[in-house]
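Have a look at coords_21.txt below; it lists compact mmCIF, C-alpha atoms.
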```txt
# COMPACT_ATOMS: atom_id res chain seq x y z
CA MET A 693 0.18 -23.38 -44.64
CA ASN A 694 2.05 -23.75 -47.93
CA SER A 695 4.24 -20.99 -49.34
CA ASP A 696 1.63 -19.76 -51.84
CA LEU A 697 -0.93 -19.25 -49.12
CA LEU A 698 1.64 -17.69 -46.84
CA ARG A 699 2.62 -15.31 -49.64
CA VAL A 700 -1.03 -14.27 -50.03
CA VAL A 701 -1.36 -13.60 -46.29
CA VAL A 702 1.91 -11.64 -46.12
CA PHE A 703 1.04 -9.71 -49.30
CA SER A 704 -2.43 -8.79 -47.98
CA VAL A 705 -1.23 -7.74 -44.53
CA GLY A 706 1.63 -5.78 -46.15
CA MET A 707 -0.66 -4.01 -48.61
CA ALA A 708 -3.20 -3.20 -45.87
CA THR A 709 -0.39 -1.84 -43.68
CA ILE A 710 0.94 0.38 -46.49
CA ALA A 711 -2.63 1.49 -47.31
CA THR A 712 -3.18 2.42 -43.66
CA ILE A 713 0.04 4.45 -43.60
CA VAL A 714 -0.97 6.16 -46.86
CA MET A 715 -4.48 6.99 -45.62
CA LEU A 716 -3.33 8.36 -42.26
CA PRO A 717 -2.14 11.89 -43.27
CA PRO A 718 -5.16 12.76 -45.47
CA GLY A 719 -7.50 10.94 -43.09
CA ILE A 720 -6.29 12.83 -40.03
CA ALA A 721 -6.32 16.14 -41.92
CA LEU A 722 -9.88 15.54 -43.15
CA ALA A 723 -11.04 14.41 -39.72
CA TRP A 724 -9.60 17.54 -38.09
CA LEU A 725 -11.07 19.82 -40.77
CA LEU A 726 -14.52 18.29 -40.42
CA ALA A 727 -14.36 18.40 -36.62
CA ARG A 728 -12.91 21.87 -36.18
CA ARG A 729 -13.52 24.08 -39.20
CA SER A 730 -16.51 25.25 -41.16
CA PHE A 731 -15.77 26.07 -44.77
CA PRO A 732 -17.70 26.33 -48.05
CA GLY A 733 -18.38 22.88 -49.48
CA ARG A 734 -17.95 21.16 -46.11
CA THR A 735 -21.06 19.02 -46.64
CA VAL A 736 -19.85 18.01 -50.11
CA VAL A 737 -16.48 16.91 -48.67
CA GLU A 738 -18.26 15.07 -45.88
CA THR A 739 -20.49 13.27 -48.40
CA LEU A 740 -17.61 12.38 -50.72
CA VAL A 741 -15.63 10.92 -47.82
CA THR A 742 -18.59 8.81 -46.71
CA LEU A 743 -19.59 7.72 -50.23
CA PRO A 744 -17.40 4.58 -50.41
CA LEU A 745 -19.17 3.31 -47.27
CA VAL A 746 -22.59 3.37 -48.91
CA LEU A 747 -21.78 2.69 -52.56
CA PRO A 748 -21.44 -0.96 -53.60
CA PRO A 749 -17.67 -1.64 -53.48
CA VAL A 750 -17.80 -2.89 -57.07
CA ALA A 751 -19.27 0.46 -58.14
CA THR A 752 -16.48 2.27 -56.28
CA GLY A 753 -14.01 -0.01 -58.08
CA LEU A 754 -15.57 0.88 -61.42
CA ILE A 755 -15.29 4.60 -60.64
CA LEU A 756 -11.60 4.08 -59.77
CA LEU A 757 -11.11 2.09 -62.99
CA ARG A 758 -12.68 4.89 -65.04
CA LEU A 759 -10.52 7.48 -63.30
CA PHE A 760 -7.22 5.62 -63.17
CA GLY A 761 -7.45 3.52 -66.35
CA ARG A 762 -5.08 4.54 -69.16
CA ARG A 763 -7.86 6.53 -70.79
CA GLY A 764 -9.17 7.82 -67.47
CA PHE A 765 -8.87 11.41 -66.31
CA ILE A 766 -6.12 10.70 -63.79
CA GLY A 767 -4.71 7.62 -65.53
CA LYS A 768 -3.97 9.58 -68.72
CA TRP A 769 -2.06 12.15 -66.67
CA LEU A 770 -0.13 9.48 -64.75
CA ASP A 771 0.71 7.72 -68.04
CA GLN A 772 2.78 10.76 -69.07
CA PHE A 773 5.13 9.92 -66.21
CA GLY A 774 5.18 6.22 -67.07
CA ILE A 775 3.00 5.33 -64.09
CA ASP A 776 0.57 2.53 -64.75
CA LEU A 777 -1.63 1.75 -61.78
CA VAL A 778 -4.42 -0.51 -62.94
CA PHE A 779 -3.96 -4.28 -62.38
CA THR A 780 -0.81 -3.79 -60.33
CA TRP A 781 -0.12 -3.96 -56.55
CA LYS A 782 -0.43 -0.16 -56.54
CA ALA A 783 -4.07 -0.55 -57.58
CA VAL A 784 -4.58 -2.90 -54.62
CA ILE A 785 -3.35 -0.16 -52.30
CA LEU A 786 -5.50 2.46 -54.04
CA ALA A 787 -8.64 0.37 -53.57
CA MET A 788 -7.75 -0.31 -49.93
CA VAL A 789 -7.11 3.38 -49.22
CA VAL A 790 -10.37 4.51 -50.81
CA MET A 791 -12.40 1.89 -48.96
CA GLY A 792 -10.64 2.26 -45.61
CA LEU A 793 -10.42 6.05 -45.49
CA PRO A 794 -14.09 6.69 -44.53
CA LEU A 795 -13.78 4.53 -41.42
CA LEU A 796 -10.54 6.20 -40.38
CA VAL A 797 -12.02 9.67 -40.90
CA ARG A 798 -15.20 8.87 -38.94
CA ALA A 799 -13.37 7.53 -35.90
CA ALA A 800 -10.63 10.17 -35.95
CA ARG A 801 -13.20 12.95 -36.39
CA ASN A 802 -15.05 11.64 -33.36
CA GLY A 803 -11.74 11.74 -31.49
CA PHE A 804 -11.07 15.37 -32.46
CA GLU A 805 -14.63 16.39 -31.57
CA GLN A 806 -14.11 15.05 -28.06
CA VAL A 807 -11.07 17.25 -27.49
CA ASP A 808 -12.12 20.30 -25.46
CA PRO A 809 -11.24 23.32 -27.67
CA ARG A 810 -10.25 25.09 -24.45
CA TYR A 811 -6.93 23.21 -24.40
CA GLU A 812 -6.16 24.35 -27.94
CA GLN A 813 -7.05 27.95 -27.07
CA ILE A 814 -4.88 27.94 -23.95
CA ALA A 815 -1.96 26.43 -25.88
CA ALA A 816 -2.28 29.29 -28.38
CA THR A 817 -2.24 31.89 -25.57
CA LEU A 818 1.02 30.27 -24.43
CA GLY A 819 2.53 31.16 -27.79
CA ALA A 820 2.04 27.86 -29.64
CA THR A 821 1.54 28.15 -33.40
CA PRO A 822 -1.47 26.33 -34.91
CA ILE A 823 0.84 23.54 -36.17
CA ARG A 824 2.35 23.08 -32.69
CA VAL A 825 -1.10 23.14 -31.11
CA PHE A 826 -2.18 20.41 -33.51
CA PHE A 827 0.78 18.10 -32.88
CA THR A 828 1.12 18.66 -29.13
CA ILE A 829 -2.50 19.09 -28.04
CA SER A 830 -5.16 18.12 -30.61
CA LEU A 831 -3.56 14.98 -32.03
CA PRO A 832 -2.41 13.41 -28.73
CA LEU A 833 -5.79 14.09 -27.11
CA ALA A 834 -7.61 12.66 -30.14
CA GLY A 835 -5.12 9.78 -30.25
CA ARG A 836 -7.57 7.14 -29.13
CA GLY A 837 -9.96 7.97 -31.97
CA VAL A 838 -7.13 8.13 -34.50
CA VAL A 839 -5.71 4.76 -33.44
CA ALA A 840 -9.15 3.15 -33.38
CA GLY A 841 -9.82 4.61 -36.84
CA SER A 842 -6.51 3.32 -38.15
CA VAL A 843 -7.31 -0.17 -36.93
CA LEU A 844 -10.76 -0.03 -38.51
CA GLY A 845 -9.27 1.32 -41.75
CA PHE A 846 -6.68 -1.45 -41.72
CA SER A 847 -9.38 -4.09 -41.17
CA ARG A 848 -11.49 -2.69 -43.97
CA ALA A 849 -8.46 -2.60 -46.26
CA LEU A 850 -7.62 -6.18 -45.42
CA GLY A 851 -11.14 -7.36 -46.19
CA GLU A 852 -11.48 -5.33 -49.39
CA PHE A 853 -12.84 -7.31 -52.32
CA GLY A 854 -15.20 -5.53 -54.73
CA ALA A 855 -13.15 -2.45 -55.56
CA THR A 856 -9.91 -4.50 -55.58
CA VAL A 857 -11.27 -6.97 -58.12
CA MET A 858 -12.39 -4.16 -60.40
CA ILE A 859 -9.16 -2.18 -60.42
CA ALA A 860 -6.48 -4.76 -59.57
CA GLY A 861 -8.05 -7.98 -60.82
CA MET A 862 -7.08 -11.40 -59.46
CA LEU A 863 -3.68 -11.74 -61.08
CA PRO A 864 -0.75 -13.56 -59.44
CA GLY A 865 0.79 -10.28 -58.29
CA THR A 866 -2.42 -8.69 -57.03
CA ARG A 867 -4.12 -11.54 -55.18
CA THR A 868 -5.25 -10.61 -51.71
CA LEU A 869 -6.81 -12.73 -48.98
CA SER A 870 -10.33 -11.88 -50.12
CA THR A 871 -9.79 -12.37 -53.83
CA SER A 872 -7.85 -15.61 -53.20
CA ILE A 873 -10.61 -17.03 -51.01
CA TYR A 874 -13.08 -16.23 -53.79
CA ALA A 875 -10.84 -17.71 -56.49
CA TYR A 876 -10.18 -20.95 -54.54
CA THR A 877 -13.88 -21.36 -53.76
CA GLN A 878 -14.84 -20.82 -57.38
CA THR A 879 -12.45 -23.56 -58.48
CA GLY A 880 -13.62 -25.98 -55.75
CA GLN A 881 -10.42 -25.82 -53.69
CA ASP A 882 -11.97 -25.77 -50.24
CA ALA A 883 -8.86 -26.55 -48.18
CA PRO A 884 -6.75 -23.51 -49.15
CA ALA A 885 -9.88 -21.33 -49.05
CA THR A 886 -10.51 -22.48 -45.46
CA VAL A 887 -6.88 -21.84 -44.41
CA LEU A 888 -7.08 -18.29 -45.78
CA LEU A 889 -10.47 -17.83 -44.17
CA VAL A 890 -9.00 -18.71 -40.76
CA ALA A 891 -6.03 -16.39 -41.37
CA ALA A 892 -8.33 -13.52 -42.43
CA ALA A 893 -10.58 -14.08 -39.42
CA ALA A 894 -7.59 -14.15 -37.04
CA VAL A 895 -6.13 -10.89 -38.39
CA ALA A 896 -9.55 -9.15 -38.46
CA PHE A 897 -10.40 -10.37 -34.95
CA SER A 898 -7.09 -9.06 -33.60
CA ALA A 899 -7.58 -5.68 -35.27
CA VAL A 900 -11.15 -5.18 -34.04
CA TYR A 901 -10.22 -6.46 -30.57
CA ILE A 902 -7.39 -3.91 -30.33
CA SER A 903 -9.71 -1.18 -31.59
CA ASN A 904 -12.36 -2.04 -28.98
CA ARG A 905 -9.75 -2.21 -26.22
CA LEU A 906 -8.42 1.21 -27.18
CA SER A 907 -11.86 2.77 -27.24
CA THR A 908 -12.64 1.58 -23.72
CA THR A 909 -9.28 1.80 -21.96
CA GLY A 910 -7.38 4.48 -23.90
CA VAL A 911 -4.05 4.41 -25.68
CA MET B 852 5.79 51.53 -9.42
CA ALA B 853 4.03 53.40 -12.26
CA GLY B 854 2.43 50.40 -13.91
CA VAL B 855 1.68 49.88 -17.57
CA LEU B 856 -0.72 51.82 -19.76
CA ILE B 857 -3.59 49.58 -20.77
CA LYS B 858 -6.08 50.83 -23.36
CA LEU B 859 -9.26 48.78 -23.58
CA ASP B 860 -11.64 50.52 -25.94
CA PHE B 861 -13.80 48.01 -27.74
CA VAL B 862 -17.27 46.64 -28.38
CA VAL B 863 -18.04 42.92 -28.37
CA HIS B 864 -21.28 41.31 -29.53
CA GLN B 865 -21.97 37.86 -28.21
CA GLY B 866 -25.45 36.74 -29.21
CA THR B 867 -27.81 39.23 -27.57
CA PHE B 868 -25.13 40.34 -25.10
CA ARG B 869 -23.33 43.62 -25.80
CA LEU B 870 -20.12 44.59 -24.06
CA THR B 871 -18.75 48.13 -24.31
CA LEU B 872 -15.48 49.13 -22.70
CA ARG B 873 -13.80 52.53 -23.01
CA GLU B 874 -10.93 52.45 -20.53
CA CYS B 875 -7.42 53.79 -20.49
CA VAL B 876 -5.73 52.79 -17.24
CA GLN B 877 -2.20 53.10 -15.90
CA ALA B 878 -1.82 50.31 -13.36
CA ARG B 879 0.14 47.18 -12.36
CA ALA B 880 -2.91 45.17 -11.45
CA ILE B 881 -6.43 45.84 -12.63
CA ALA B 882 -9.40 44.06 -11.11
CA LEU B 883 -12.55 43.47 -13.10
CA TYR B 884 -15.31 43.35 -10.56
CA GLY B 885 -18.99 42.67 -11.05
CA PRO B 886 -21.78 40.12 -10.80
CA SER B 887 -22.02 37.00 -12.96
CA GLY B 888 -22.96 37.84 -16.53
CA ALA B 889 -21.43 41.32 -16.33
CA GLY B 890 -18.96 40.46 -19.12
CA LYS B 891 -15.76 40.04 -17.09
CA THR B 892 -14.67 36.80 -18.78
CA THR B 893 -15.60 38.25 -22.18
CA VAL B 894 -13.17 41.10 -21.54
CA LEU B 895 -10.32 38.67 -20.76
CA GLU B 896 -11.10 36.44 -23.74
CA THR B 897 -11.18 39.47 -26.01
CA ILE B 898 -7.78 40.69 -24.77
CA ALA B 899 -6.37 37.16 -25.20
CA GLY B 900 -7.66 37.08 -28.78
CA LEU B 901 -10.18 34.29 -28.22
CA ARG B 902 -13.04 36.66 -29.10
CA LYS B 903 -13.02 39.29 -31.78
CA PRO B 904 -14.40 42.74 -31.01
CA VAL B 905 -16.80 44.32 -33.47
CA ALA B 906 -14.62 47.43 -33.36
CA GLY B 907 -12.12 49.18 -31.15
CA LEU B 908 -8.59 49.17 -29.81
CA ILE B 909 -6.64 46.95 -27.42
CA GLU B 910 -3.24 48.33 -26.52
CA ILE B 911 -0.90 47.12 -23.78
CA ASP B 912 2.01 49.40 -22.88
CA GLY B 913 2.18 50.84 -26.40
CA ARG B 914 1.80 47.49 -28.15
CA ILE B 915 -1.38 47.22 -30.22
CA LEU B 916 -3.06 43.81 -30.07
CA PHE B 917 -6.19 44.82 -31.93
CA SER B 918 -7.17 47.90 -33.86
CA SER B 919 -10.18 47.98 -36.15
CA GLU B 920 -9.00 51.33 -37.46
CA ARG B 921 -5.65 49.89 -38.56
CA HIS B 922 -7.15 46.54 -39.54
CA LEU B 923 -4.79 44.90 -37.07
CA ASP B 924 -5.71 41.73 -35.20
CA LEU B 925 -2.70 39.93 -33.73
CA PRO B 926 -3.15 36.15 -33.68
CA VAL B 927 -3.59 34.61 -30.23
CA GLU B 928 -0.10 33.07 -30.22
CA SER B 929 1.56 36.44 -30.91
CA ARG B 930 -0.23 38.50 -28.26
CA ARG B 931 2.05 37.58 -25.33
CA VAL B 932 -0.89 37.53 -22.99
CA GLY B 933 -0.92 34.76 -20.39
CA TYR B 934 -4.44 33.56 -19.71
CA VAL B 935 -5.48 31.46 -16.73
CA PRO B 936 -9.13 30.60 -17.36
CA GLN B 937 -11.64 29.84 -14.65
CA ASP B 938 -11.64 26.16 -15.63
CA ILE B 939 -7.79 26.19 -15.42
CA ALA B 940 -7.48 23.78 -18.40
CA LEU B 941 -4.23 22.05 -17.53
CA PHE B 942 -3.30 19.74 -20.39
CA PRO B 943 -4.47 16.33 -19.15
CA HIS B 944 -1.98 14.28 -21.19
CA MET B 945 1.05 16.09 -19.80
CA ASN B 946 2.56 16.01 -16.33
CA VAL B 947 3.07 19.19 -14.31
CA ARG B 948 6.57 19.78 -15.73
CA ARG B 949 5.42 19.57 -19.34
CA ASN B 950 2.42 21.77 -18.59
CA ILE B 951 4.52 24.42 -16.92
CA PHE B 952 7.21 24.55 -19.58
CA TYR B 953 4.82 24.25 -22.55
CA GLY B 954 4.97 27.93 -23.41
CA GLN B 955 8.34 28.73 -21.89
CA SER B 956 9.91 31.65 -23.62
CA LYS B 957 13.39 31.22 -25.08
CA SER B 958 14.47 34.50 -23.49
CA VAL B 959 15.98 34.34 -20.01
CA ALA B 960 14.31 37.38 -18.48
CA LEU B 961 12.22 35.24 -16.15
CA VAL B 962 14.15 32.36 -14.59
CA PRO B 963 11.88 29.31 -14.13
CA ASP B 964 13.27 28.74 -10.61
CA THR B 965 11.99 32.15 -9.55
CA VAL B 966 8.46 31.24 -10.64
CA LEU B 967 8.63 27.72 -9.19
CA ARG B 968 9.88 29.08 -5.88
CA ALA B 969 7.38 31.93 -5.73
CA LEU B 970 4.48 29.57 -6.37
CA GLU B 971 6.00 26.67 -4.37
CA ILE B 972 5.53 24.04 -7.03
CA SER B 973 9.05 22.61 -7.43
CA SER B 974 7.98 19.43 -5.66
CA LEU B 975 5.03 18.91 -8.00
CA LEU B 976 6.95 18.79 -11.27
CA ASP B 977 6.75 15.05 -11.90
CA ARG B 978 3.17 14.66 -10.70
CA ASN B 979 0.28 13.84 -12.99
CA VAL B 980 -2.12 16.80 -13.25
CA ALA B 981 -5.09 14.56 -12.45
CA GLY B 982 -3.73 14.03 -8.94
CA LEU B 983 -3.33 17.71 -8.02
CA SER B 984 -5.50 19.47 -5.47
CA GLY B 985 -7.52 22.58 -6.42
CA GLY B 986 -4.92 24.97 -5.04
CA GLU B 987 -2.04 23.12 -6.71
CA ARG B 988 -3.85 23.21 -10.04
CA GLN B 989 -4.31 26.97 -9.74
CA ARG B 990 -0.64 27.53 -8.95
CA VAL B 991 0.49 25.27 -11.82
CA ALA B 992 -1.80 27.14 -14.24
CA ILE B 993 -0.42 30.50 -13.08
CA ALA B 994 3.17 29.22 -13.41
CA ARG B 995 2.44 27.91 -16.91
CA ALA B 996 1.10 31.29 -17.98
CA LEU B 997 3.99 33.17 -16.32
CA LEU B 998 6.72 31.09 -17.96
CA SER B 999 5.48 32.08 -21.40
CA GLU B 1000 6.73 35.53 -20.30
CA PRO B 1001 3.50 37.38 -20.97
CA GLU B 1002 3.39 41.15 -21.09
CA LEU B 1003 0.09 40.87 -19.30
CA LEU B 1004 -1.34 38.09 -17.14
CA LEU B 1005 -5.10 37.48 -17.19
CA LEU B 1006 -6.55 35.63 -14.20
CA ASP B 1007 -10.21 34.67 -14.46
CA GLU B 1008 -11.70 34.18 -11.00
CA PRO B 1009 -8.85 31.95 -9.86
CA LEU B 1010 -10.38 31.61 -6.40
CA ALA B 1011 -14.05 31.29 -7.34
CA ALA B 1012 -14.24 27.55 -6.81
CA VAL B 1013 -12.08 27.20 -3.72
CA GLY B 1014 -13.01 27.40 -0.07
CA HIS B 1015 -12.01 30.17 2.34
CA SER B 1016 -8.92 28.46 3.77
CA LEU B 1017 -7.59 27.54 0.32
CA LYS B 1018 -8.31 31.07 -0.86
CA GLU B 1019 -6.19 32.40 1.98
CA ARG B 1020 -3.38 30.09 0.92
CA ILE B 1021 -3.50 31.01 -2.80
CA LEU B 1022 -3.99 34.79 -2.55
CA PRO B 1023 -0.44 35.38 -1.30
CA TYR B 1024 0.87 33.64 -4.44
CA VAL B 1025 -1.12 36.03 -6.63
CA GLU B 1026 0.22 38.94 -4.59
CA ARG B 1027 3.75 37.60 -5.12
CA VAL B 1028 3.17 37.48 -8.89
CA ARG B 1029 2.32 41.15 -8.72
CA HIS B 1030 5.08 42.29 -6.37
CA GLU B 1031 8.00 39.87 -6.87
CA LEU B 1032 7.64 38.77 -10.48
CA ASN B 1033 6.61 42.22 -11.61
CA THR B 1034 4.08 40.95 -14.15
CA PRO B 1035 1.14 43.28 -14.87
CA LEU B 1036 -2.16 41.53 -14.46
CA ILE B 1037 -5.89 41.78 -14.91
CA TYR B 1038 -7.76 39.88 -12.23
CA VAL B 1039 -11.42 38.96 -12.52
CA SER B 1040 -13.32 38.57 -9.29
CA HIS B 1041 -16.64 39.12 -7.62
CA SER B 1042 -15.05 39.36 -4.18
CA LEU B 1043 -14.22 42.82 -2.85
CA ASP B 1044 -11.66 41.36 -0.47
CA GLU B 1045 -9.70 39.83 -3.37
CA VAL B 1046 -10.01 43.03 -5.40
CA ASN B 1047 -8.55 45.09 -2.56
CA ARG B 1048 -5.68 42.72 -1.92
CA VAL B 1049 -4.64 42.06 -5.49
CA SER B 1050 -5.29 45.19 -7.56
CA ASP B 1051 -4.39 48.85 -7.65
CA HIS B 1052 -7.24 49.77 -9.98
CA VAL B 1053 -10.73 48.36 -10.30
CA ILE B 1054 -13.18 48.45 -13.17
CA ILE B 1055 -16.70 47.65 -12.07
CA LEU B 1056 -18.84 46.04 -14.74
CA GLU B 1057 -22.56 45.48 -14.93
CA GLU B 1058 -24.46 44.02 -17.86
CA GLY B 1059 -21.65 44.71 -20.28
CA ARG B 1060 -21.05 48.33 -19.25
CA VAL B 1061 -18.52 50.04 -17.00
CA VAL B 1062 -20.32 51.57 -14.05
CA GLU B 1063 -17.17 52.72 -12.26
CA SER B 1064 -13.41 52.78 -12.81
CA LYS B 1065 -11.15 53.97 -9.99
CA PRO B 1066 -8.09 53.22 -7.86
CA THR B 1067 -8.69 50.22 -5.62
CA TYR B 1068 -8.13 51.94 -2.30
CA SER B 1069 -11.43 53.74 -2.82
CA VAL B 1070 -13.45 50.56 -3.28
CA SER B 1071 -15.85 49.89 -0.45
```
Translate the structure described by the file into structure tokens.
Amino acid sequence: MNSDLLRVVVFSVGMATIATIVMLPPGIALAWLLARRSFPGRTVVETLVTLPLVLPPVATGLILLRLFGRRGFIGKWLDQFGIDLVFTWKAVILAMVVMGLPLLVRAARNGFEQVDPRYEQIAATLGATPIRVFFTISLPLAGRGVVAGSVLGFSRALGEFGATVMIAGMLPGTRTLSTSIYAYTQTGQDAPATVLLVAAAAVAFSAVYISNRLSTTGV
Amino acid sequence: MAGVLIKLDFVVHQGTFRLTLRECVQARAIALYGPSGAGKTTVLETIAGLRKPVAGLIEIDGRILFSSERHLDLPVESRRVGYVPQDIALFPHMNVRRNIFYGQSKSVALVPDTVLRALEISSLLDRNVAGLSGGERQRVAIARALLSEPELLLLDEPLAAVGHSLKERILPYVERVRHELNTPLIYVSHSLDEVNRVSDHVIILEEGRVVESKPTYSVS
């Protein structure tokens, strides 16, 4: 593998790793909320979280572009602080987070739902605050679901194409495994496309394998 | 020993079930006695804060846990009520030591060794909870509740699922909690023998109502 291809692999795995770390706190919080609390607008939140799974990724990318572009609702606000997201590596992460989050939330929510609320209640009777109950009881017992969700979110982030192309483009500093495979194929360069394909398949296989192992044998 | 003043004056609605309790008892150990479905567990869960009464007052030794009149409803973690549910609910991802010390109070009024010795569980500390026998699980759950230094210990049919010989082995531990560790308790049971051995006052419940409330020595 030449250095350009290696750079693409390292960049993609690095971006997907950062995206997974970024999506973990909101993903876990959302999963817990949806599993344990009923609140007004719960169905709307549930639908919004799932939306990127059912929308065409390119459409999700377009929504992100409209929101985070310089004239977009959020982009205009970020511009005041000198933050420009679109067509940078930060946009790659944004697309990965948005596309990976639904998978993380679904698996982690399933994990929280499987935790017997009795343990949380008993922990509270022992004087544990809700925060302590969450970190010492709920989260460890839902750990398998959270880890499986993180692996799925990471895999989805790594394979992200549609939304990434829309908001980050295929520039030298934003090229991921998926966009590079597409670019090489479009220009008839089959050899590098095949190398990246094998690399992408190896990383994705490892991630899904770990996820499946965790869901059957536990953390 | 005079015991503590326990005021349980509340109404709980749970689907179609209605529970009404109007009791003010001075005792060290109260037994809630009655058939299945009488509302015994509901009483314990309400005192622990896991169920909210429609209205009423829960006061333990002058400390109000719930008062609809004063709009006071202490959160579960602030009630200082140790609850050992019927299903025991030991934390499965923690060993015995971590379970027992989970809610340990920072105060030193109750020395852990005293509890461990009284319940004979010092040798179990590094065991996984999955490998414990029924009697060991009960004792660990009682120790866990005691080490959080509760002002009141709630035991929900701790011997319901164990055989006669195991029951005979565990009952002395419960008696020790009452006599040696000096912790007031409410003990749910549908066995008269247990009621007589463990409590000094019994409240007999049927279909969510108190049919009798009297010192235990008069139970027959």
Name the residues in contact with stretch 855-868 of chain B at a cut-off of 7 Å, using all atoms listed in the file, excluding same-chain residues fewer than 3 positions from it; report them as a list in words.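 Result of the neighbour search: Thr871, Leu872, Arg873, Glu874, Cys875, Val876, Gln877, Ala878, Arg879, Pro904, Val905, Ala906, Gly907, Leu908, Ile909, Glu910, Ile911 and Asp912 of chain B.
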Against chain B, which residues of chain A fall within 9 Å? For each one I want the closest pair of atoms and the distance in Å (one decimal), counting only C-alpha atoms, rows by chain and increasing residue number, as a Markdown table.
```
| residue | atom | partner | partner_atom | distance |
| --- | --- | --- | --- | --- |
| A:Arg810 | CA | B:Ala940 | CA | 6.8 |
| A:Tyr811 | CA | B:Ala940 | CA | 6.1 |
| A:Gln813 | CA | B:Leu901 | CA | 7.2 |
| A:Ile814 | CA | B:Tyr934 | CA | 7.1 |
| A:Ala815 | CA | B:Gly954 | CA | 7.5 |
| A:Ala816 | CA | B:Glu928 | CA | 4.7 |
| A:Thr817 | CA | B:Glu928 | CA | 5.3 |
| A:Leu818 | CA | B:Gly954 | CA | 4.7 |
| A:Gly819 | CA | B:Glu928 | CA | 4.1 |
| A:Ala820 | CA | B:Glu928 | CA | 5.7 |
| A:Thr821 | CA | B:Glu928 | CA | 6.1 |
| A:Pro822 | CA | B:Glu928 | CA | 8.3 |
| A:Ile829 | CA | B:Phe942 | CA | 7.7 |
| A:Pro832 | CA | B:His944 | CA | 7.6 |
| A:Leu833 | CA | B:His944 | CA | 7.0 |
```
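Going from atom CA of B:Glu1045 to atom CA of B:Glu1019 covers 9.8 Å.
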What would the list of residues within 7 Å of (-2.8, 39.9, -15.9) (file frame) look like as a compact mmCIF listing (two decimals) with C-alpha atoms, in the coordinates of the input, if all atoms listed in the file are what count?
```txt
# COMPACT_ATOMS: atom_id res chain seq x y z
CA ALA B 880 -2.91 45.17 -11.45
CA LEU B 1003 0.09 40.87 -19.30
CA LEU B 1004 -1.34 38.09 -17.14
CA LEU B 1005 -5.10 37.48 -17.19
CA LEU B 1006 -6.55 35.63 -14.20
CA PRO B 1035 1.14 43.28 -14.87
CA LEU B 1036 -2.16 41.53 -14.46
CA ILE B 1037 -5.89 41.78 -14.91
CA TYR B 1038 -7.76 39.88 -12.23
```
Do you have, as CSV, the list of residues of stretch 778-861 of chain A lying at most 8 Å from stretch 737-761 of chain A, each with its nearest atom pair and that distance in Å to one decimal, counting only C-alpha atoms and ordered by chain then number?
```
residue,atom,partner,partner_atom,distance
A:Val778,CA,A:Gly761,CA,6.1
A:Ala787,CA,A:Gly753,CA,7.0
A:Val790,CA,A:Pro744,CA,7.0
A:Met791,CA,A:Pro744,CA,5.9
A:Leu793,CA,A:Val741,CA,7.5
A:Pro794,CA,A:Thr742,CA,5.4
A:Val797,CA,A:Val741,CA,7.9
A:Phe853,CA,A:Pro749,CA,7.5
A:Gly854,CA,A:Val750,CA,4.4
A:Ala855,CA,A:Gly753,CA,3.6
A:Thr856,CA,A:Gly753,CA,6.6
A:Val857,CA,A:Gly753,CA,7.5
A:Met858,CA,A:Gly753,CA,5.0
A:Ile859,CA,A:Leu757,CA,5.4
```
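With atom CA of A:Ile720 on one side and atom CA of A:Arg824 on the other, the separation reads 15.3 Å.
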- Task: Go through B:Val991, B:Thr897, B:Glu1026, B:Asp1007 and flag the residue nearest B:Asp924, using all atoms listed in the file for the distances.
- Result: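 Going through B:Val991, B:Thr897, B:Glu1026, B:Asp1007 one by one, the smallest distance to B:Asp924 is for B:Thr897.
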Between atom CA of A:Thr828 and atom CA of B:Leu976 lies a distance of 18.8 Å
Residue with the minimum atom-to-atom distance to A:Tyr901, picked from A:Glu852, A:Val887, A:Ala840, A:Ile873 with only C-alpha atoms counted, is A:Ala840
Using only C-alpha atoms: which of B:Val1025, B:Leu923, B:Ile915, B:Ala981 has the shortest distance to B:Val966: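 The closest residue to B:Val966 is B:Val1025.
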